[in-house]
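Down below is the structure, laid out as structure tokens.
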Amino acid sequence: MASTSTSTPSSTSTSTPFDAGFDGSCDGEARIARLFAITSDLLATISLEDRFTLLNPAWEHLLGWTREELEAGPIHEFMHPEDVEQTLEVLHTVQGRREEPESFTNRYRHRDGSWRWLLWSVRRDEDTWYAAVKDVTDRLWLERQALHDPLTRLPNRLLLMDRARQALARLHRSDGVVAMLFIDLDKFKEVNDNRGHDVGDSLLVSVSERLAELMRDSDTVARLGGDEFVILAEDIEGEGEALALGERVLDCLEQPFPLGSAAAVAMLASVGVSVSRSPDTDPGTMLREADLAMYRAKSAGGRRLELFDERLRRELSTHVQIEARLRDALVQHELLLAYQPILPLDGGRAVGCEALVRWRPKGGDRSENGDLLPSSFLPAAEDSDLIVQIGNRVLHMACAQAEVWRRHGIAIPVSVNISARELTELDLAERVREELVYCRLPGRALCLEVSEDAVLRDPGRARAALSDVRRLGVSIALDRFGSEESSLGLPSNLPLDVVKLDRVLVGTFDSDKDRRAMFAAAIALAKEAGLTVVAVGIETNRQLTLARELNCSVGQGFLLHGPTSPERVRLRDNAGSVTSAPWRPLVRLGGSSRR
Ligand code: C2E
Ligand code: MG
């Protein structure tokens with residue numbers, strides 16, 4: 001912030017023609033001269049040669065220079081170099097006499113080296129400029145504070161929205177495209193948690209500097225908070241250029257950031273892009289669309305770009321409709337669970353059983369084939385917090401079923417799939433503990449299945465949540481290993497008991513020898529680490545043989561047993577099963593029922 005000091009000049013100033021009139025006789029001119037001398041506003045006249053020809057004493061108080069010093073050189077002698085061109089442009093373009101004043105701001109250097117912001121109102125009359133000037137340093141500083149992020153000094157959401165509004169309004173006058181890029185750093189929280197907030201803060205500052213360097217001066221780089229940045233770019237050609245810009249953002253963040261004495265880190269990011277050609281676009285809508293596209297990129301595993309286009313717009317509007325029907329379905333108890341046993345590949349009793357959610361709309365076909373599969377409704381739920389409510393319901397039903405089976409002597413863990421939001425948006429361990437206590441189950445009665453992409457959304461928090469859950473005795477399975485979204489190796493530092501090979505991988509065992517060989521190594525490592533490896537999606541005898549060859553001892557698949565109702569699922573040596581758990585809402589202390 002510029003200093004607010006108003007030290008007086010070191011040398012005494014000479015009088016002006018106005019001072020000469022200030023002799024106490026108080027005729028009209030003398031009164032004006034008196035006002036001129038005492039006003040705290042700055043008054044000046046300037047010649048067409050850019051020199052001050054008259055200055056009132058307020059200048060000396062504000063800037064600390066004497067009036068002679070100020071008058072000795074051109075008016076830009078003490079002006080901030082960045083403001084000179086713009087100021088002289090105003091003074092040089094206006095010709096003759098003008099009734100309307102011209103306004104502009106610029107900075108002047110105080111004798112103590114600080115800068116003062118001045119708001120000029122100038123009017124030309126023939127060969128003289130008459131100027132009334134205000135010191136707006138404090139006001140601008142406060143405005144700046146209100147419009148900028150204090151850590152990175154980048155524009156904040158308010159300023160971004162204002163600039164976006166202006167950029168879109170300019171589309172009235174000229175054809176063009178405005179783009180917004182919503183950038184979310186994929187692993188920032190990990191850095192913050194593991195290396196401390198100071199390192200996290202300096203990383204955010206470095207990221208902001210790098211983004212600002214990448215952009216043109218006319219573009220805006222803003223920070224919305226946390227690890228979220230937005231770039232507003234104008235005058236671009238279209239979607240192609242916006243996506244190319246997004247690629248450049250991803251590349252520039254991947255160059256390692258030196259962090260003082262700590263090891264350098266490269267930042268991966270998820271970027272959502274929205275573009276508009278219409279001046280009628282609402283900037284808030286544009287930001288929301290870029291945010292939704294970013295969320296898509298993140299859901300697909302991060303380090304990705306996603307464009308908010310017609311396809312995504314249609315998909316989201318379908319999701320909104322499904323979401324509304326799903327909320328109703330939860331109230332109407334239309335969600336139920338199918339169970340699929342996890343079986344030893346050499347035969348024998350089930351060693352586990354996975355709970356898979358189904359939606360049976362009331363009044364619809366009541367056969368199991370009429371149930372809606374998760375792929376048709378979970379993606380819509382995953383766009384909102386609804387997935388957490390569904391997860392709660394599934395956990396409750398699965399635990400209730402596990403308790404019934406246990407009472408009938410079937411003490412195998414029931415596996416429940418956990419979504420990314422459940423991992424990060426609620427106290428998962430507390431939620432699981434509450435359910436185990438309610439159903440009087442030991443932790444080993446439950447296994448939570450998580451996929452790598454869900455963990456990657458927020459690895460630090462996911463790891464912490466899973467470790468807490470595991471402390472309850474609950475086992476943890478890495479789901480969908482070998483799917484397109486997962487990496488080739490096992491994620492490090494994740495507390496794991498089970499690895500489940502994705503059914504797509506198992507499906508290609510037969511045809512894709514290279515892929516099989518690649519995963520054989522990962523499976524061997526998992527076995528060595530004492531993990532149980534489950535081959536999911538065994539449909540043919542050939543796949544069963546290959547899974548055995550790969551050292552998988554247990555599997556899940558239509559060949560062995562498809563997902564079915566709890567009454568029909570066979571969990572012990574092909575003998576008939578036991579009854580399903582009756583619906584019982586979980587009653588909280590205080591009597592209110594939930595889920
Ligand atoms: P997943 O966890 O990998 O579950 C296994 C999926 O493979 C199930 O599909 C199952 O029916 C299917 N499957 C098993 N054996 C075979 C086979 O031999 N051939 C074929 N083609 N498929 C087989 P489903 O029930 O449609 O579930 C799909 C995914 O939806 C699950 O994949 C899981 O990621 C998710 N999901 C299911 N229930 C829940 C839930 O309650 N919560 C959450 N968050 N996700 C769930
Ligand atoms: Mg699963």
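Chain identifiers are assigned as A, B, and so on, following the order in which chains appear in the structure tokens; residues are numbered from 1 within each chain, and ligands are numbered from 1 in order of appearance.
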Practice item. Give me every strand (DSSP E) residue in segment 328-467 of chain A, going by DSSP on the backbone, as a PyMOL selection string. Key: chain A and resi 335-344+352-359+414-417+446-451
How about saving the chosen residues, N, CA and C atoms kept, as an mmCIF file, in the first residue's frame?
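Full text of selection.cif as output:
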```cif
data_model
loop_
_atom_site.group_PDB
_atom_site.id
_atom_site.type_symbol
_atom_site.label_atom_id
_atom_site.label_comp_id
_atom_site.auth_asym_id
_atom_site.auth_seq_id
_atom_site.Cartn_x
_atom_site.Cartn_y
_atom_site.Cartn_z
ATOM 1 N N LEU A 335 -35.144 -47.822 -4.049
ATOM 2 C CA LEU A 335 -33.787 -48.333 -4.246
ATOM 3 C C LEU A 335 -33.637 -49.619 -3.438
ATOM 4 N N LEU A 336 -33.053 -50.627 -4.068
ATOM 5 C CA LEU A 336 -32.810 -51.870 -3.337
ATOM 6 C C LEU A 336 -31.449 -52.423 -3.742
ATOM 7 N N LEU A 337 -31.086 -53.500 -3.093
ATOM 8 C CA LEU A 337 -29.755 -54.037 -3.366
ATOM 9 C C LEU A 337 -29.833 -55.435 -3.958
ATOM 10 N N ALA A 338 -29.003 -55.647 -4.978
ATOM 11 C CA ALA A 338 -28.782 -57.007 -5.479
ATOM 12 C C ALA A 338 -27.445 -57.443 -4.877
ATOM 13 N N TYR A 339 -27.257 -58.743 -4.737
ATOM 14 C CA TYR A 339 -26.014 -59.237 -4.128
ATOM 15 C C TYR A 339 -25.349 -60.220 -5.087
ATOM 16 N N GLN A 340 -24.053 -60.089 -5.203
ATOM 17 C CA GLN A 340 -23.294 -61.012 -6.049
ATOM 18 C C GLN A 340 -22.169 -61.619 -5.216
ATOM 19 N N PRO A 341 -22.187 -62.950 -5.080
ATOM 20 C CA PRO A 341 -21.150 -63.579 -4.240
ATOM 21 C C PRO A 341 -19.758 -63.448 -4.848
ATOM 22 N N ILE A 342 -18.775 -63.423 -3.973
ATOM 23 C CA ILE A 342 -17.360 -63.488 -4.384
ATOM 24 C C ILE A 342 -16.924 -64.902 -3.998
ATOM 25 N N LEU A 343 -16.516 -65.655 -5.022
ATOM 26 C CA LEU A 343 -16.342 -67.106 -4.800
ATOM 27 C C LEU A 343 -14.904 -67.563 -5.054
ATOM 28 N N PRO A 344 -14.473 -68.612 -4.337
ATOM 29 C CA PRO A 344 -13.152 -69.184 -4.650
ATOM 30 C C PRO A 344 -13.200 -69.778 -6.054
ATOM 31 N N GLY A 352 -17.229 -63.720 0.202
ATOM 32 C CA GLY A 352 -17.694 -62.344 0.340
ATOM 33 C C GLY A 352 -18.904 -62.156 -0.551
ATOM 34 N N CYS A 353 -19.473 -60.974 -0.507
ATOM 35 C CA CYS A 353 -20.667 -60.738 -1.299
ATOM 36 C C CYS A 353 -20.776 -59.234 -1.547
ATOM 37 N N GLU A 354 -20.900 -58.849 -2.827
ATOM 38 C CA GLU A 354 -20.950 -57.410 -3.112
ATOM 39 C C GLU A 354 -22.393 -56.929 -3.225
ATOM 40 N N ALA A 355 -22.674 -55.827 -2.559
ATOM 41 C CA ALA A 355 -24.000 -55.211 -2.642
ATOM 42 C C ALA A 355 -24.005 -54.246 -3.819
ATOM 43 N N LEU A 356 -24.959 -54.423 -4.737
ATOM 44 C CA LEU A 356 -25.026 -53.570 -5.932
ATOM 45 C C LEU A 356 -26.406 -52.915 -5.983
ATOM 46 N N VAL A 357 -26.404 -51.599 -6.049
ATOM 47 C CA VAL A 357 -27.679 -50.878 -5.952
ATOM 48 C C VAL A 357 -28.511 -51.028 -7.229
ATOM 49 N N ARG A 358 -29.812 -51.130 -7.047
ATOM 50 C CA ARG A 358 -30.763 -51.199 -8.162
ATOM 51 C C ARG A 358 -31.905 -50.226 -7.891
ATOM 52 N N TRP A 359 -32.518 -49.755 -8.980
ATOM 53 C CA TRP A 359 -33.675 -48.852 -8.827
ATOM 54 C C TRP A 359 -34.884 -49.551 -9.442
ATOM 55 N N VAL A 414 -19.679 -58.223 3.720
ATOM 56 C CA VAL A 414 -20.508 -57.679 2.634
ATOM 57 C C VAL A 414 -19.788 -56.436 2.107
ATOM 58 N N SER A 415 -19.607 -56.399 0.785
ATOM 59 C CA SER A 415 -18.870 -55.267 0.193
ATOM 60 C C SER A 415 -19.825 -54.185 -0.274
ATOM 61 N N VAL A 416 -19.449 -52.946 0.031
ATOM 62 C CA VAL A 416 -20.263 -51.792 -0.370
ATOM 63 C C VAL A 416 -19.381 -50.850 -1.181
ATOM 64 N N ASN A 417 -19.896 -50.396 -2.320
ATOM 65 C CA ASN A 417 -19.135 -49.450 -3.158
ATOM 66 C C ASN A 417 -19.265 -48.037 -2.596
ATOM 67 N N LEU A 446 -17.799 -56.043 7.154
ATOM 68 C CA LEU A 446 -17.969 -55.057 6.079
ATOM 69 C C LEU A 446 -16.668 -54.865 5.298
ATOM 70 N N CYS A 447 -16.813 -54.650 4.006
ATOM 71 C CA CYS A 447 -15.659 -54.270 3.167
ATOM 72 C C CYS A 447 -16.107 -53.068 2.338
ATOM 73 N N LEU A 448 -15.277 -52.031 2.276
ATOM 74 C CA LEU A 448 -15.625 -50.879 1.428
ATOM 75 C C LEU A 448 -14.808 -50.950 0.147
ATOM 76 N N GLU A 449 -15.479 -50.777 -0.992
ATOM 77 C CA GLU A 449 -14.787 -50.810 -2.282
ATOM 78 C C GLU A 449 -14.654 -49.391 -2.827
ATOM 79 N N VAL A 450 -13.428 -49.003 -3.138
ATOM 80 C CA VAL A 450 -13.201 -47.665 -3.713
ATOM 81 C C VAL A 450 -12.367 -47.796 -4.983
ATOM 82 N N SER A 451 -12.658 -46.969 -5.969
ATOM 83 C CA SER A 451 -11.852 -47.025 -7.191
ATOM 84 C C SER A 451 -10.763 -45.964 -7.114
#
```
**Study point:** 6 Å shell around ligand 1 using only C-alpha atoms and all ligand atoms, listed as a PyMOL selection string
**Key:** chain A and resi 356-357+373-375+391+394+417-419+480+536-539+556-558+563
**Study point:** Backbone-only DSSP, alpha helix (DSSP H) members of segment 293-503 of chain A, as a ChimeraX atom specification
**Key:** /A:293-299,310-331,378-382,386-407,420-425,428-438,452-456,459-470,503
Export C-alpha atoms of the chosen residues as a PDB file, in the first residue's frame?
```
ATOM      1  CA  ALA A 293     -16.930 -29.031 -17.216  1.00  0.00           C
ATOM      2  CA  MET A 294     -14.025 -28.908 -14.734  1.00  0.00           C
ATOM      3  CA  TYR A 295     -15.881 -31.284 -12.449  1.00  0.00           C
ATOM      4  CA  ARG A 296     -16.301 -33.634 -15.422  1.00  0.00           C
ATOM      5  CA  ALA A 297     -12.570 -33.479 -16.125  1.00  0.00           C
ATOM      6  CA  LYS A 298     -11.874 -34.258 -12.483  1.00  0.00           C
ATOM      7  CA  SER A 299     -14.345 -37.151 -12.393  1.00  0.00           C
ATOM      8  CA  GLU A 310     -23.994 -29.093 -26.408  1.00  0.00           C
ATOM      9  CA  ARG A 311     -23.422 -32.720 -25.491  1.00  0.00           C
ATOM     10  CA  LEU A 312     -22.521 -31.851 -21.919  1.00  0.00           C
ATOM     11  CA  ARG A 313     -25.396 -29.356 -21.725  1.00  0.00           C
ATOM     12  CA  ARG A 314     -27.871 -32.071 -22.814  1.00  0.00           C
ATOM     13  CA  GLU A 315     -26.324 -34.613 -20.478  1.00  0.00           C
ATOM     14  CA  LEU A 316     -26.561 -32.295 -17.508  1.00  0.00           C
ATOM     15  CA  SER A 317     -30.150 -31.410 -18.232  1.00  0.00           C
ATOM     16  CA  THR A 318     -30.976 -35.157 -18.352  1.00  0.00           C
ATOM     17  CA  HIS A 319     -29.095 -35.546 -15.087  1.00  0.00           C
ATOM     18  CA  VAL A 320     -31.167 -32.823 -13.475  1.00  0.00           C
ATOM     19  CA  GLN A 321     -34.351 -34.696 -14.444  1.00  0.00           C
ATOM     20  CA  ILE A 322     -33.032 -38.063 -13.234  1.00  0.00           C
ATOM     21  CA  GLU A 323     -31.836 -36.443 -10.024  1.00  0.00           C
ATOM     22  CA  ALA A 324     -35.322 -35.099  -9.261  1.00  0.00           C
ATOM     23  CA  ARG A 325     -36.867 -38.549  -9.842  1.00  0.00           C
ATOM     24  CA  LEU A 326     -34.143 -40.207  -7.766  1.00  0.00           C
ATOM     25  CA  ARG A 327     -34.816 -37.932  -4.781  1.00  0.00           C
ATOM     26  CA  ASP A 328     -38.388 -39.111  -4.925  1.00  0.00           C
ATOM     27  CA  ALA A 329     -37.236 -42.713  -5.330  1.00  0.00           C
ATOM     28  CA  LEU A 330     -35.294 -42.444  -2.082  1.00  0.00           C
ATOM     29  CA  VAL A 331     -38.390 -41.284  -0.221  1.00  0.00           C
ATOM     30  CA  LEU A 378     -25.602 -43.089 -10.494  1.00  0.00           C
ATOM     31  CA  PRO A 379     -23.783 -40.642 -12.836  1.00  0.00           C
ATOM     32  CA  ALA A 380     -26.685 -38.190 -12.320  1.00  0.00           C
ATOM     33  CA  ALA A 381     -26.510 -38.698  -8.555  1.00  0.00           C
ATOM     34  CA  GLU A 382     -22.740 -38.183  -8.652  1.00  0.00           C
ATOM     35  CA  LEU A 386     -27.535 -37.113  -3.773  1.00  0.00           C
ATOM     36  CA  ILE A 387     -24.847 -39.746  -4.168  1.00  0.00           C
ATOM     37  CA  VAL A 388     -24.014 -39.304  -0.490  1.00  0.00           C
ATOM     38  CA  GLN A 389     -27.647 -39.911   0.490  1.00  0.00           C
ATOM     39  CA  ILE A 390     -27.792 -42.970  -1.759  1.00  0.00           C
ATOM     40  CA  GLY A 391     -24.529 -44.210  -0.265  1.00  0.00           C
ATOM     41  CA  ASN A 392     -25.970 -43.806   3.221  1.00  0.00           C
ATOM     42  CA  ARG A 393     -29.037 -45.799   2.286  1.00  0.00           C
ATOM     43  CA  VAL A 394     -26.970 -48.540   0.617  1.00  0.00           C
ATOM     44  CA  LEU A 395     -24.669 -48.838   3.634  1.00  0.00           C
ATOM     45  CA  HIS A 396     -27.663 -49.092   5.945  1.00  0.00           C
ATOM     46  CA  MET A 397     -29.378 -51.792   3.867  1.00  0.00           C
ATOM     47  CA  ALA A 398     -26.172 -53.780   3.344  1.00  0.00           C
ATOM     48  CA  CYS A 399     -25.333 -53.795   7.056  1.00  0.00           C
ATOM     49  CA  ALA A 400     -28.881 -54.834   7.945  1.00  0.00           C
ATOM     50  CA  GLN A 401     -28.565 -57.723   5.470  1.00  0.00           C
ATOM     51  CA  ALA A 402     -25.141 -58.704   6.803  1.00  0.00           C
ATOM     52  CA  GLU A 403     -26.637 -58.896  10.284  1.00  0.00           C
ATOM     53  CA  VAL A 404     -29.428 -61.243   9.108  1.00  0.00           C
ATOM     54  CA  TRP A 405     -26.899 -63.484   7.350  1.00  0.00           C
ATOM     55  CA  ARG A 406     -24.694 -63.537  10.415  1.00  0.00           C
ATOM     56  CA  ARG A 407     -27.626 -64.644  12.543  1.00  0.00           C
ATOM     57  CA  ALA A 420     -15.690 -40.157  -4.434  1.00  0.00           C
ATOM     58  CA  ARG A 421     -17.935 -37.680  -2.643  1.00  0.00           C
ATOM     59  CA  GLU A 422     -18.550 -40.090   0.224  1.00  0.00           C
ATOM     60  CA  LEU A 423     -14.798 -40.348   0.659  1.00  0.00           C
ATOM     61  CA  THR A 424     -14.309 -36.636   0.957  1.00  0.00           C
ATOM     62  CA  GLU A 425     -17.558 -34.975   1.896  1.00  0.00           C
ATOM     63  CA  LEU A 428     -16.963 -41.730   6.495  1.00  0.00           C
ATOM     64  CA  ALA A 429     -15.424 -43.549   9.452  1.00  0.00           C
ATOM     65  CA  GLU A 430     -17.943 -42.059  11.872  1.00  0.00           C
ATOM     66  CA  ARG A 431     -20.788 -42.942   9.533  1.00  0.00           C
ATOM     67  CA  VAL A 432     -19.560 -46.550   9.206  1.00  0.00           C
ATOM     68  CA  ARG A 433     -19.005 -46.867  12.960  1.00  0.00           C
ATOM     69  CA  GLU A 434     -22.534 -45.650  13.632  1.00  0.00           C
ATOM     70  CA  GLU A 435     -23.998 -48.226  11.258  1.00  0.00           C
ATOM     71  CA  LEU A 436     -21.900 -51.098  12.653  1.00  0.00           C
ATOM     72  CA  VAL A 437     -23.024 -50.229  16.181  1.00  0.00           C
ATOM     73  CA  TYR A 438     -26.656 -49.964  15.131  1.00  0.00           C
ATOM     74  CA  GLU A 452      -8.581 -45.253  -7.871  1.00  0.00           C
ATOM     75  CA  ASP A 453     -10.206 -42.310  -9.640  1.00  0.00           C
ATOM     76  CA  ALA A 454     -12.377 -41.676  -6.563  1.00  0.00           C
ATOM     77  CA  VAL A 455      -9.263 -41.655  -4.387  1.00  0.00           C
ATOM     78  CA  LEU A 456      -7.454 -39.337  -6.789  1.00  0.00           C
ATOM     79  CA  PRO A 459      -5.839 -38.375  -2.238  1.00  0.00           C
ATOM     80  CA  GLY A 460      -4.852 -36.953   1.149  1.00  0.00           C
ATOM     81  CA  ARG A 461      -8.345 -36.889   2.551  1.00  0.00           C
ATOM     82  CA  ALA A 462      -9.308 -40.219   0.931  1.00  0.00           C
ATOM     83  CA  ARG A 463      -6.287 -41.929   2.443  1.00  0.00           C
ATOM     84  CA  ALA A 464      -7.058 -40.511   5.881  1.00  0.00           C
ATOM     85  CA  ALA A 465     -10.737 -41.521   5.659  1.00  0.00           C
ATOM     86  CA  LEU A 466      -9.881 -45.059   4.567  1.00  0.00           C
ATOM     87  CA  SER A 467      -7.257 -45.473   7.301  1.00  0.00           C
ATOM     88  CA  ASP A 468      -9.851 -44.435   9.902  1.00  0.00           C
ATOM     89  CA  VAL A 469     -12.364 -46.905   8.488  1.00  0.00           C
ATOM     90  CA  ARG A 470      -9.789 -49.679   8.473  1.00  0.00           C
ATOM     91  CA  ARG A 503     -14.315 -56.753 -15.595  1.00  0.00           C
TER      92      ARG A 503
END
```
Practice item. Find the spatial neighbours of Val230 of chain A, counting only C-alpha atoms, within a cut-off of 10 Å - ignore same-chain residues fewer than 5 positions away - and output them as a ChimeraX atom specification. Key: /A:155-157,160,180-184,211,220-224,271-273,287,290-291
Exercise for review: For atom CA of Ser174 of chain A and atom CA of Ala233 of chain A, quote the distance in Å rounded to one decimal.
Suggested key: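 Separation between atom CA of Ser174 of chain A and atom CA of Ala233 of chain A: 15.0 Å.
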**Study point:** Non-local contacts of Gln86 of chain A (10 Å; only C-alpha atoms; under 6 positions in same chain excluded) as JSON, numbers by chain
**Key:** {"A": [104, 105, 106]}
Selected residues, N, CA, C and O atoms, written as a PDB file, in the first residue's frame, please.
```
ATOM      1  N   PHE A 104      -9.228  10.864 -15.649  1.00  0.00           N
ATOM      2  CA  PHE A 104      -8.317   9.704 -15.665  1.00  0.00           C
ATOM      3  C   PHE A 104      -7.623   9.617 -14.311  1.00  0.00           C
ATOM      4  O   PHE A 104      -7.667  10.568 -13.519  1.00  0.00           O
ATOM      5  N   THR A 105      -7.038   8.457 -14.061  1.00  0.00           N
ATOM      6  CA  THR A 105      -6.243   8.323 -12.827  1.00  0.00           C
ATOM      7  C   THR A 105      -4.805   8.037 -13.212  1.00  0.00           C
ATOM      8  O   THR A 105      -4.534   7.460 -14.270  1.00  0.00           O
ATOM      9  N   ASN A 106      -3.887   8.487 -12.388  1.00  0.00           N
ATOM     10  CA  ASN A 106      -2.493   8.089 -12.546  1.00  0.00           C
ATOM     11  C   ASN A 106      -1.792   8.183 -11.194  1.00  0.00           C
ATOM     12  O   ASN A 106      -2.405   8.573 -10.200  1.00  0.00           O
TER      13      ASN A 106
END
```
**Study point:** Length of the atom CA of Ala524 of chain A to atom CA of Leu505 of chain A vector [Å]
**Key:**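 The value is 15.7 Å.
Counting from atom CA of His92 of chain A, the distance to atom CA of Trp117 of chain A is 21.3 Å.
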Check your understanding: Can you list, as a PyMOL selection string, every protein, DNA or RNA residue that comes within 12 Å of Thr508 of chain A when you count only C-alpha atoms, leaving out same-chain residues fewer than 2 positions away?
Key -> chain A and resi 482-483+501-506+510-517+519+536-540+542-543+546-547
Generate the output file for the selected residues, N, CA and C atoms, as a short mmCIF file (atom, residue, chain, number, x, y, z; two decimals), in the first residue's frame.
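Contents of result-v7.cif, freshly written:
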```cif
data_model
loop_
_atom_site.label_atom_id
_atom_site.label_comp_id
_atom_site.auth_asym_id
_atom_site.auth_seq_id
_atom_site.Cartn_x
_atom_site.Cartn_y
_atom_site.Cartn_z
N GLY A 482 -7.23 -51.84 -13.25
CA GLY A 482 -7.03 -52.27 -14.64
C GLY A 482 -8.06 -51.69 -15.58
N SER A 483 -8.99 -50.87 -15.05
CA SER A 483 -9.95 -50.21 -15.95
C SER A 483 -9.22 -49.04 -16.62
N LEU A 501 -9.86 -56.86 -9.88
CA LEU A 501 -9.52 -56.59 -11.28
C LEU A 501 -10.81 -56.23 -12.02
N ASP A 502 -10.77 -55.17 -12.78
CA ASP A 502 -11.97 -54.70 -13.47
C ASP A 502 -12.45 -55.73 -14.49
N ARG A 503 -13.77 -55.74 -14.69
CA ARG A 503 -14.31 -56.75 -15.60
C ARG A 503 -13.89 -56.52 -17.04
N VAL A 504 -13.57 -55.29 -17.39
CA VAL A 504 -13.10 -55.03 -18.76
C VAL A 504 -11.73 -55.69 -18.95
N LEU A 505 -10.91 -55.59 -17.92
CA LEU A 505 -9.58 -56.21 -17.99
C LEU A 505 -9.72 -57.73 -18.11
N VAL A 506 -10.57 -58.29 -17.26
CA VAL A 506 -10.76 -59.74 -17.27
C VAL A 506 -11.31 -60.15 -18.64
N ASP A 510 -8.25 -62.83 -22.64
CA ASP A 510 -8.16 -63.80 -23.71
C ASP A 510 -7.46 -63.23 -24.94
N SER A 511 -7.87 -62.02 -25.33
CA SER A 511 -7.43 -61.47 -26.62
C SER A 511 -6.17 -60.61 -26.52
N ASP A 512 -5.95 -59.99 -25.40
CA ASP A 512 -4.87 -59.01 -25.31
C ASP A 512 -3.74 -59.52 -24.40
N LYS A 513 -2.79 -60.21 -25.04
CA LYS A 513 -1.71 -60.85 -24.25
C LYS A 513 -0.83 -59.82 -23.55
N ASP A 514 -0.57 -58.70 -24.26
CA ASP A 514 0.32 -57.67 -23.69
C ASP A 514 -0.27 -57.10 -22.41
N ARG A 515 -1.58 -56.80 -22.52
CA ARG A 515 -2.26 -56.23 -21.35
C ARG A 515 -2.23 -57.22 -20.19
N ARG A 516 -2.43 -58.48 -20.55
CA ARG A 516 -2.45 -59.52 -19.51
C ARG A 516 -1.08 -59.57 -18.81
N ALA A 517 -0.04 -59.52 -19.64
CA ALA A 517 1.31 -59.61 -19.07
C ALA A 517 1.59 -58.41 -18.17
N PHE A 519 -0.51 -56.65 -16.44
CA PHE A 519 -1.19 -56.73 -15.15
C PHE A 519 -0.74 -57.93 -14.32
N VAL A 536 -12.96 -59.85 -11.42
CA VAL A 536 -14.39 -59.52 -11.59
C VAL A 536 -14.79 -59.65 -13.05
N GLY A 537 -15.95 -60.25 -13.31
CA GLY A 537 -16.48 -60.30 -14.67
C GLY A 537 -16.11 -61.57 -15.40
N ILE A 538 -16.01 -62.68 -14.66
CA ILE A 538 -15.69 -63.95 -15.33
C ILE A 538 -16.96 -64.49 -15.99
N GLU A 539 -16.93 -64.52 -17.31
CA GLU A 539 -18.13 -64.94 -18.05
C GLU A 539 -17.93 -66.28 -18.75
N THR A 540 -16.64 -66.62 -19.01
CA THR A 540 -16.39 -67.85 -19.77
C THR A 540 -15.41 -68.75 -19.03
N ARG A 542 -12.85 -70.05 -20.29
CA ARG A 542 -11.49 -69.64 -20.68
C ARG A 542 -10.99 -68.53 -19.74
N GLN A 543 -11.87 -67.58 -19.46
CA GLN A 543 -11.47 -66.48 -18.54
C GLN A 543 -11.20 -67.03 -17.14
N LEU A 546 -7.76 -68.51 -17.24
CA LEU A 546 -6.72 -67.47 -17.28
C LEU A 546 -6.59 -66.77 -15.93
N ALA A 547 -7.71 -66.54 -15.28
CA ALA A 547 -7.67 -65.89 -13.96
C ALA A 547 -6.91 -66.78 -12.97
#
```
Check your understanding: Hey, which of A:Leu185, A:Leu559, A:Leu142, A:Leu204 ends up closest to Gly302 of chain A? Count only C-alpha atoms.
Key -> A:Leu185
